[in-house]
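Trainee: I'd like to ask some things about the structure below.
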Amino acid sequence: MQNLTRIVQRRVTAVVRGSLALVLLLTLAFGAGAQELTADEILDELEGTAFVGSGSATIELITINARGQERSNRLAFYRQETAYGANQLLEYLSPADVAGTKFLTVDDESGETLMWLYLPALGRERRIAGSATQDNFMGTDFTFEEIGSLGNFATDFDAERLADEKYQDWDTYVLRLTPQSADSKYSAVKMWVWKEHFVPVRVEFYNRQGKLDKVLINEDLRPDASGRWQPYLITMRNENTGSRTVIRVLETSAEPVPDDYFTLRYLRR
């Protein structure tokens with residue numbers, strides 16, 4: 001009888017151990033699968049740094065030189081998400097000497113981003129293409145390309161996932177991005193992405209010599225009317241010149257923007 005009891009106990013113990021091992025194995029497998037996003041999957045999930053998905057915003061753009069001198073501009077920003085990416089229009093509202101200046105970008109079906117700058121003093125638009133897209137936009141620390149794409153990293157860079165980090169109060173994914181274009185002014189970009197809402201909170205840009213060139217900081221993160229998390233305070237700091245450009249989002253609207261806002265005819269109005 002005692003032998004039978006011991007046999008039953010051993011079999012029960014074996015079953016319990018086997019069940020626990022199976023539960024542990026499944027937990028590890030599914031837990032790891034849920035956490036191990038690839039770099040490309042993280043990029044695809046990014047909310048980006050645009051102020052709205054499709055809609056409009058009023059922003060204050062402040063340029064600050066190395067001596068601390070500031071210049072403030074007020075702009076209207078319009079954006080329309082499309083099957084090919086997004087169309088964007090920036091229009092200067094004040095001060096008077098730049099009012100009416102407009103910058104239009106259109107992502108076309110070929111994957112190219114087309115850019116035009118309209119200057120009221122000339123009464124016509126100028127196409128921004130080739131190496132000119134790497135020039136600074138209107139005296140800011142952003143290039144035309146950076147203002148025109150506003151965080152469209154997925155189509156312009158190859159991504160590698162680095163070890164996760166704690167950045168300030170956020171748990172973040174960390175990515176190293178390599179430009180796909182040999183004409184890029186950067187050799188690499190390093191990005192910290194807030195895990196919970198997939199918003200870049202810090203982006204470092206490295207020049208062709210591998211030295212830190214600029215740092216983009218996204219702050220005042222909050223959801224818009226649609227629940228989409230966005231930065232309402234964006235700072236681009238130039239590590240070489242000591243200048244910086246601050247974008248402060250004053251108000252946003254999710255109302256659809258008419259198609260004709262994203263045409264050359266509207267630029268000339």
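FYI, nothing fancy with the structure tokens labels: chains A, B, ... in order, residues from 1 per chain, ligands from 1 as they appear.
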Using only C-alpha atoms, which residues sit within 7 Å of stretch 100-116 of chain A once same-chain residues fewer than 2 positions away are excluded, as a list in words?

Mentor: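 Near neighbours after the sequence-gap exclusion: Tyr84, Gly85, Ala86, Asn87, Gln88, Leu89, Leu90, Glu91, Tyr92, Leu93, Val98, Tyr118, Leu119, Pro120, Glu125, Arg126, Arg127, Ile128, Ala129, Gly148, Phe262 and Leu267 of chain A.
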
Trainee: Those residues you just picked out, can you put them in a file as a CSV table (one decimal), in the first residue's frame with C-alpha atoms?

Mentor:
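Contents of out22.csv, freshly written:
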chain,number,residue,atom,x,y,z
A,84,TYR,CA,1.5,58.5,-50.8
A,85,GLY,CA,2.4,60.2,-47.5
A,86,ALA,CA,1.3,63.7,-46.8
A,87,ASN,CA,0.8,67.2,-48.2
A,88,GLN,CA,1.8,70.2,-46.1
A,89,LEU,CA,1.6,73.9,-46.3
A,90,LEU,CA,3.2,76.5,-44.0
A,91,GLU,CA,2.1,80.1,-44.3
A,92,TYR,CA,3.8,83.0,-42.5
A,93,LEU,CA,1.2,85.3,-40.9
A,98,VAL,CA,7.6,87.8,-44.1
A,118,TYR,CA,6.7,81.2,-52.5
A,119,LEU,CA,8.1,84.7,-51.7
A,120,PRO,CA,5.6,87.6,-52.0
A,125,GLU,CA,7.3,80.3,-56.3
A,126,ARG,CA,10.7,78.6,-56.4
A,127,ARG,CA,11.2,74.9,-56.6
A,128,ILE,CA,13.4,73.5,-53.8
A,129,ALA,CA,15.2,70.4,-55.2
A,148,GLY,CA,8.9,69.4,-45.3
A,262,PHE,CA,-1.9,72.1,-51.6
A,267,LEU,CA,0.6,79.6,-53.3

Trainee: Excluding A:Thr38 and residues on its chain fewer than 5 positions from it, collect all residues at most 9 Å away from it, counting only C-alpha atoms, and give them as a list in words.

Mentor: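 Contacts, in chain order: Leu43, Ala159, Glu160 and Arg161 of chain A.
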
Trainee: Now that the selection is made, can you save its residues with N, CA and C atoms as a PDB file, in the first residue's frame?

Mentor:
ATOM      1  N   LEU A  43       9.370  52.115 -36.323  1.00  0.00           N
ATOM      2  CA  LEU A  43       9.270  53.275 -37.217  1.00  0.00           C
ATOM      3  C   LEU A  43       7.880  53.388 -37.826  1.00  0.00           C
ATOM      4  N   ALA A 159      16.743  51.336 -40.477  1.00  0.00           N
ATOM      5  CA  ALA A 159      16.746  51.394 -39.019  1.00  0.00           C
ATOM      6  C   ALA A 159      17.359  50.157 -38.382  1.00  0.00           C
ATOM      7  N   GLU A 160      18.031  50.393 -37.262  1.00  0.00           N
ATOM      8  CA  GLU A 160      18.590  49.323 -36.429  1.00  0.00           C
ATOM      9  C   GLU A 160      18.155  49.592 -34.998  1.00  0.00           C
ATOM     10  N   ARG A 161      17.658  48.552 -34.328  1.00  0.00           N
ATOM     11  CA  ARG A 161      17.226  48.727 -32.944  1.00  0.00           C
ATOM     12  C   ARG A 161      18.399  48.525 -31.993  1.00  0.00           C
TER      13      ARG A 161
END

Trainee: I'd like to know which residues of stretch 78-268 of chain A are alpha helix (DSSP H) (by DSSP, run on the backbone); could you write them as a list in words?

Mentor: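 Here are the alpha helix (DSSP H) residues of stretch 78-268 of chain A: Phe144, Glu145, Glu146, Ile147, Gly148, Ser149, Phe153, Ala154, Thr155, Asp156, Leu264, Arg265, Tyr266 and Leu267 of chain A.
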
Trainee: With C-alpha atoms retained, could you export that selection as a compact mmCIF listing (two decimals), in the first residue's frame?

Mentor:
# COMPACT_ATOMS: atom_id res chain seq x y z
CA PHE A 144 13.84 72.42 -45.95
CA GLU A 145 13.74 68.63 -45.95
CA GLU A 146 13.18 68.42 -42.19
CA ILE A 147 10.41 71.01 -42.20
CA GLY A 148 8.86 69.39 -45.26
CA SER A 149 8.78 65.86 -43.85
CA PHE A 153 11.78 58.75 -40.96
CA ALA A 154 10.32 55.44 -42.18
CA THR A 155 10.74 56.26 -45.88
CA ASP A 156 14.13 58.00 -45.69
CA LEU A 264 0.69 76.00 -56.86
CA ARG A 265 -2.35 78.13 -57.62
CA TYR A 266 -3.03 78.56 -53.90
CA LEU A 267 0.61 79.57 -53.32

Trainee: So which residues touch A:Gln168 within 12 Å, counting only C-alpha atoms, skipping near sequence neighbours fewer than 5 positions away, as JSON, numbers by chain?

Mentor: {"A": [192, 193, 194, 201, 202, 217, 219]}

Trainee: For the residues in the current selection, export N, CA and C atoms as a compact mmCIF listing (two decimals), in the first residue's frame.

Mentor:
# COMPACT_ATOMS: atom_id res chain seq x y z
N TRP A 192 15.22 58.36 -29.70
CA TRP A 192 14.59 57.77 -28.52
C TRP A 192 13.08 57.90 -28.70
N VAL A 193 12.36 56.77 -28.64
CA VAL A 193 10.92 56.74 -28.92
C VAL A 193 10.17 56.29 -27.66
N TRP A 194 9.25 57.12 -27.21
CA TRP A 194 8.41 56.80 -26.05
C TRP A 194 7.59 55.55 -26.37
N VAL A 201 11.01 61.37 -28.62
CA VAL A 201 11.19 62.41 -27.60
C VAL A 201 12.56 63.09 -27.72
N ARG A 202 13.50 62.41 -28.36
CA ARG A 202 14.81 63.01 -28.61
C ARG A 202 15.38 62.41 -29.89
N ILE A 217 14.40 68.02 -29.64
CA ILE A 217 13.72 67.63 -28.40
C ILE A 217 12.23 67.89 -28.56
N GLU A 219 8.69 68.03 -26.51
CA GLU A 219 8.19 68.16 -25.14
C GLU A 219 6.71 68.53 -25.16

Trainee: Enumerate as a ChimeraX atom specification all residues of stretch 131-260 of chain A assigned to strand (DSSP E) by DSSP on the backbone, naming them with the chain letters and numbers the document uses.

Mentor: /A:157-167,170-179,186-194,199-207,212-223,229-238,244-253

Trainee: Which distance in Å separates atom CA of A:Val203 and atom CA of A:Glu36, to one decimal?

Mentor: 21.6 Å

Trainee: At a cut-off of 8 Å, using only C-alpha atoms, what residues contact stretch 50-65 of chain A? Leave out same-chain residues fewer than 3 positions from it and give the result as a VMD selection string.

Mentor: chain A and resid 47 68 to 81 139 to 141 150 to 151 224 230 to 232 242 to 257

Trainee: For the residues in the current selection, export N, CA and C atoms as a short mmCIF file (atom, residue, chain, number, x, y, z; two decimals), in the first residue's frame.

Mentor:
data_model
loop_
_atom_site.label_atom_id
_atom_site.label_comp_id
_atom_site.auth_asym_id
_atom_site.auth_seq_id
_atom_site.Cartn_x
_atom_site.Cartn_y
_atom_site.Cartn_z
N GLU A 47 4.15 58.17 -34.32
CA GLU A 47 3.19 59.24 -34.56
C GLU A 47 3.86 60.41 -35.28
N GLY A 68 21.64 84.88 -27.97
CA GLY A 68 20.37 84.93 -27.24
C GLY A 68 19.33 85.85 -27.85
N GLN A 69 19.63 86.44 -29.01
CA GLN A 69 18.66 87.32 -29.66
C GLN A 69 17.55 86.49 -30.31
N GLU A 70 16.31 86.90 -30.09
CA GLU A 70 15.16 86.13 -30.55
C GLU A 70 14.38 86.86 -31.64
N ARG A 71 13.79 86.07 -32.51
CA ARG A 71 12.84 86.59 -33.50
C ARG A 71 11.65 85.64 -33.51
N SER A 72 10.46 86.19 -33.35
CA SER A 72 9.25 85.38 -33.29
C SER A 72 8.41 85.55 -34.55
N ASN A 73 7.91 84.44 -35.06
CA ASN A 73 7.04 84.43 -36.23
C ASN A 73 5.79 83.63 -35.90
N ARG A 74 4.68 84.03 -36.49
CA ARG A 74 3.44 83.26 -36.34
C ARG A 74 3.09 82.67 -37.70
N LEU A 75 2.74 81.39 -37.70
CA LEU A 75 2.47 80.70 -38.96
C LEU A 75 1.19 79.87 -38.85
N ALA A 76 0.58 79.66 -40.01
CA ALA A 76 -0.51 78.69 -40.14
C ALA A 76 0.07 77.44 -40.78
N PHE A 77 -0.33 76.29 -40.26
CA PHE A 77 0.17 75.00 -40.75
C PHE A 77 -1.03 74.15 -41.17
N TYR A 78 -0.95 73.62 -42.40
CA TYR A 78 -2.03 72.78 -42.92
C TYR A 78 -1.43 71.44 -43.35
N ARG A 79 -2.15 70.36 -43.07
CA ARG A 79 -1.62 69.04 -43.41
C ARG A 79 -2.76 68.12 -43.86
N GLN A 80 -2.43 67.32 -44.86
CA GLN A 80 -3.40 66.37 -45.41
C GLN A 80 -2.70 65.04 -45.66
N GLU A 81 -3.07 64.02 -44.91
CA GLU A 81 -2.48 62.70 -45.12
C GLU A 81 -3.08 62.08 -46.38
N GLY A 139 16.12 80.81 -42.26
CA GLY A 139 16.92 81.24 -41.13
C GLY A 139 16.74 80.42 -39.87
N THR A 140 16.11 79.25 -39.96
CA THR A 140 15.91 78.39 -38.80
C THR A 140 17.02 77.34 -38.75
N ASP A 141 16.97 76.49 -37.74
CA ASP A 141 17.92 75.38 -37.62
C ASP A 141 17.39 74.10 -38.25
N LEU A 150 8.75 66.59 -41.52
CA LEU A 150 8.32 66.58 -40.12
C LEU A 150 8.26 65.16 -39.56
N GLY A 151 9.42 64.49 -39.60
CA GLY A 151 9.51 63.19 -38.95
C GLY A 151 9.15 62.00 -39.79
N ASP A 224 -4.28 65.00 -28.98
CA ASP A 224 -5.14 65.99 -29.61
C ASP A 224 -6.59 65.52 -29.52
N GLN A 230 0.94 64.05 -29.56
CA GLN A 230 1.82 64.90 -30.34
C GLN A 230 2.61 65.83 -29.42
N PRO A 231 3.79 66.27 -29.86
CA PRO A 231 4.51 67.30 -29.11
C PRO A 231 3.92 68.67 -29.40
N TYR A 232 3.76 69.48 -28.36
CA TYR A 232 3.30 70.84 -28.54
C TYR A 232 4.43 71.85 -28.34
N GLY A 242 25.43 77.05 -31.76
CA GLY A 242 24.83 77.51 -30.51
C GLY A 242 23.45 78.11 -30.69
N SER A 243 22.93 78.13 -31.90
CA SER A 243 21.58 78.65 -32.15
C SER A 243 20.54 77.55 -31.92
N ARG A 244 19.29 77.96 -31.81
CA ARG A 244 18.21 76.98 -31.70
C ARG A 244 16.92 77.57 -32.26
N THR A 245 16.03 76.67 -32.63
CA THR A 245 14.73 77.06 -33.17
C THR A 245 13.66 76.36 -32.36
N VAL A 246 12.68 77.12 -31.90
CA VAL A 246 11.61 76.59 -31.06
C VAL A 246 10.28 76.72 -31.81
N ILE A 247 9.54 75.62 -31.85
CA ILE A 247 8.19 75.62 -32.42
C ILE A 247 7.21 75.36 -31.30
N ARG A 248 6.30 76.30 -31.09
CA ARG A 248 5.28 76.17 -30.05
C ARG A 248 3.91 76.09 -30.73
N VAL A 249 3.20 75.00 -30.49
CA VAL A 249 1.87 74.82 -31.09
C VAL A 249 0.85 75.56 -30.23
N LEU A 250 0.16 76.53 -30.84
CA LEU A 250 -0.78 77.37 -30.10
C LEU A 250 -2.18 76.80 -30.12
N GLU A 251 -2.61 76.28 -31.25
CA GLU A 251 -3.94 75.66 -31.35
C GLU A 251 -3.97 74.73 -32.55
N THR A 252 -4.84 73.73 -32.49
CA THR A 252 -4.97 72.77 -33.58
C THR A 252 -6.43 72.55 -33.92
N SER A 253 -6.66 72.06 -35.12
CA SER A 253 -8.00 71.72 -35.58
C SER A 253 -7.93 70.47 -36.45
N ALA A 254 -8.87 69.58 -36.25
CA ALA A 254 -8.92 68.35 -37.05
C ALA A 254 -9.84 68.49 -38.26
N GLU A 255 -10.35 69.70 -38.49
CA GLU A 255 -11.21 69.92 -39.65
C GLU A 255 -10.42 69.66 -40.93
N PRO A 256 -10.99 68.92 -41.89
CA PRO A 256 -10.28 68.64 -43.14
C PRO A 256 -9.91 69.92 -43.88
N VAL A 257 -8.73 69.91 -44.49
CA VAL A 257 -8.25 71.06 -45.25
C VAL A 257 -8.59 70.85 -46.72
#

Trainee: Would you work out the distance separating atom CA of A:Thr235 from atom CA of A:Gln209, expressed in Å to one decimal?

Mentor: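 Calculated distance between atom CA of A:Thr235 and atom CA of A:Gln209 is 23.4 Å.
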
Trainee: Hey, what's within 12 Å of A:Leu37 if we count only C-alpha atoms and toss same-chain stuff fewer than 3 positions away? As a compact mmCIF listing (two decimals) with N, CA and C atoms, in the first residue's frame, please?

Mentor:
# COMPACT_ATOMS: atom_id res chain seq x y z
N GLY A 31 5.47 36.49 -23.93
CA GLY A 31 5.97 37.75 -23.38
C GLY A 31 7.07 38.32 -24.24
N ALA A 32 8.01 37.51 -24.68
CA ALA A 32 9.10 37.98 -25.52
C ALA A 32 8.59 38.43 -26.87
N GLY A 33 7.63 37.70 -27.43
CA GLY A 33 7.09 38.06 -28.73
C GLY A 33 6.41 39.40 -28.71
N ALA A 34 5.74 39.70 -27.56
CA ALA A 34 5.01 40.96 -27.47
C ALA A 34 5.96 42.14 -27.37
N ASP A 40 12.03 48.41 -37.82
CA ASP A 40 11.10 48.87 -38.85
C ASP A 40 9.67 48.94 -38.33
N GLU A 41 9.29 47.99 -37.47
CA GLU A 41 7.95 48.01 -36.90
C GLU A 41 7.77 49.22 -35.99
N ILE A 42 8.81 49.57 -35.25
CA ILE A 42 8.74 50.76 -34.40
C ILE A 42 8.58 52.02 -35.25
N LEU A 43 9.37 52.12 -36.32
CA LEU A 43 9.27 53.28 -37.22
C LEU A 43 7.88 53.39 -37.83
N ASP A 44 7.31 52.26 -38.20
CA ASP A 44 5.98 52.27 -38.81
C ASP A 44 4.91 52.76 -37.84
N GLU A 45 5.16 52.58 -36.54
CA GLU A 45 4.19 52.97 -35.53
C GLU A 45 4.32 54.43 -35.09
N GLU A 160 18.03 50.39 -37.26
CA GLU A 160 18.59 49.32 -36.43
C GLU A 160 18.16 49.59 -35.00
N ARG A 161 17.66 48.55 -34.33
CA ARG A 161 17.23 48.73 -32.94
C ARG A 161 18.40 48.52 -31.99
N LEU A 162 18.59 49.50 -31.07
CA LEU A 162 19.61 49.41 -30.04
C LEU A 162 18.95 49.02 -28.72
N ALA A 163 19.73 48.93 -27.67
CA ALA A 163 19.19 48.57 -26.36
C ALA A 163 18.22 49.65 -25.87
N ASP A 164 17.10 49.23 -25.26
CA ASP A 164 16.14 50.17 -24.71
C ASP A 164 16.78 51.00 -23.60
N TYR A 173 12.25 53.07 -26.71
CA TYR A 173 13.01 52.31 -27.68
C TYR A 173 14.11 53.23 -28.20
N VAL A 174 15.25 52.67 -28.54
CA VAL A 174 16.33 53.46 -29.11
C VAL A 174 16.68 52.89 -30.48
N LEU A 175 16.71 53.77 -31.48
CA LEU A 175 16.98 53.36 -32.86
C LEU A 175 18.18 54.11 -33.41
N LYS A 195 7.78 54.50 -25.56
CA LYS A 195 7.17 53.21 -25.86
C LYS A 195 5.64 53.27 -25.83
N PHE A 198 4.53 55.79 -28.85
CA PHE A 198 5.33 55.82 -30.07
C PHE A 198 5.57 57.24 -30.59

Trainee: What's the 10 Å shell around A:Asn207, counting only C-alpha atoms, without same-chain residues fewer than 6 positions away, as a PyMOL selection string?

Mentor: chain A and resi 184-189+213-214

Trainee: Based on the selection just made, write C-alpha atoms of those residues as a PDB file, in the first residue's frame.

Mentor:
ATOM      1  CA  SER A 184      22.102  63.252 -47.035  1.00  0.00           C
ATOM      2  CA  LYS A 185      24.002  65.737 -44.885  1.00  0.00           C
ATOM      3  CA  TYR A 186      23.890  63.214 -42.038  1.00  0.00           C
ATOM      4  CA  SER A 187      25.821  59.995 -41.530  1.00  0.00           C
ATOM      5  CA  ALA A 188      23.403  58.720 -38.872  1.00  0.00           C
ATOM      6  CA  VAL A 189      20.460  59.659 -36.697  1.00  0.00           C
ATOM      7  CA  ASP A 213      25.405  68.201 -35.407  1.00  0.00           C
ATOM      8  CA  LYS A 214      21.892  68.905 -34.087  1.00  0.00           C
TER       9      LYS A 214
END

Trainee: Could you state the separation of atom CA of A:Leu46 and atom CA of A:Leu221 in Å, given to one decimal place?

Mentor: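 If I compute the distance from atom CA of A:Leu46 to atom CA of A:Leu221, I get 13.7 Å.
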
Trainee: Which is closest to A:Pro200 among A:Leu117, A:Ile234, A:Leu212, A:Ala99, if we use only C-alpha atoms?

Mentor: A:Ile234

Trainee: Using only C-alpha atoms, find the one residue out of A:Met236, A:Leu122, A:Ala83, A:Ala182 that sits nearest to A:Phe205.

Mentor: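 Among the listed residues, A:Met236 lies closest to A:Phe205.
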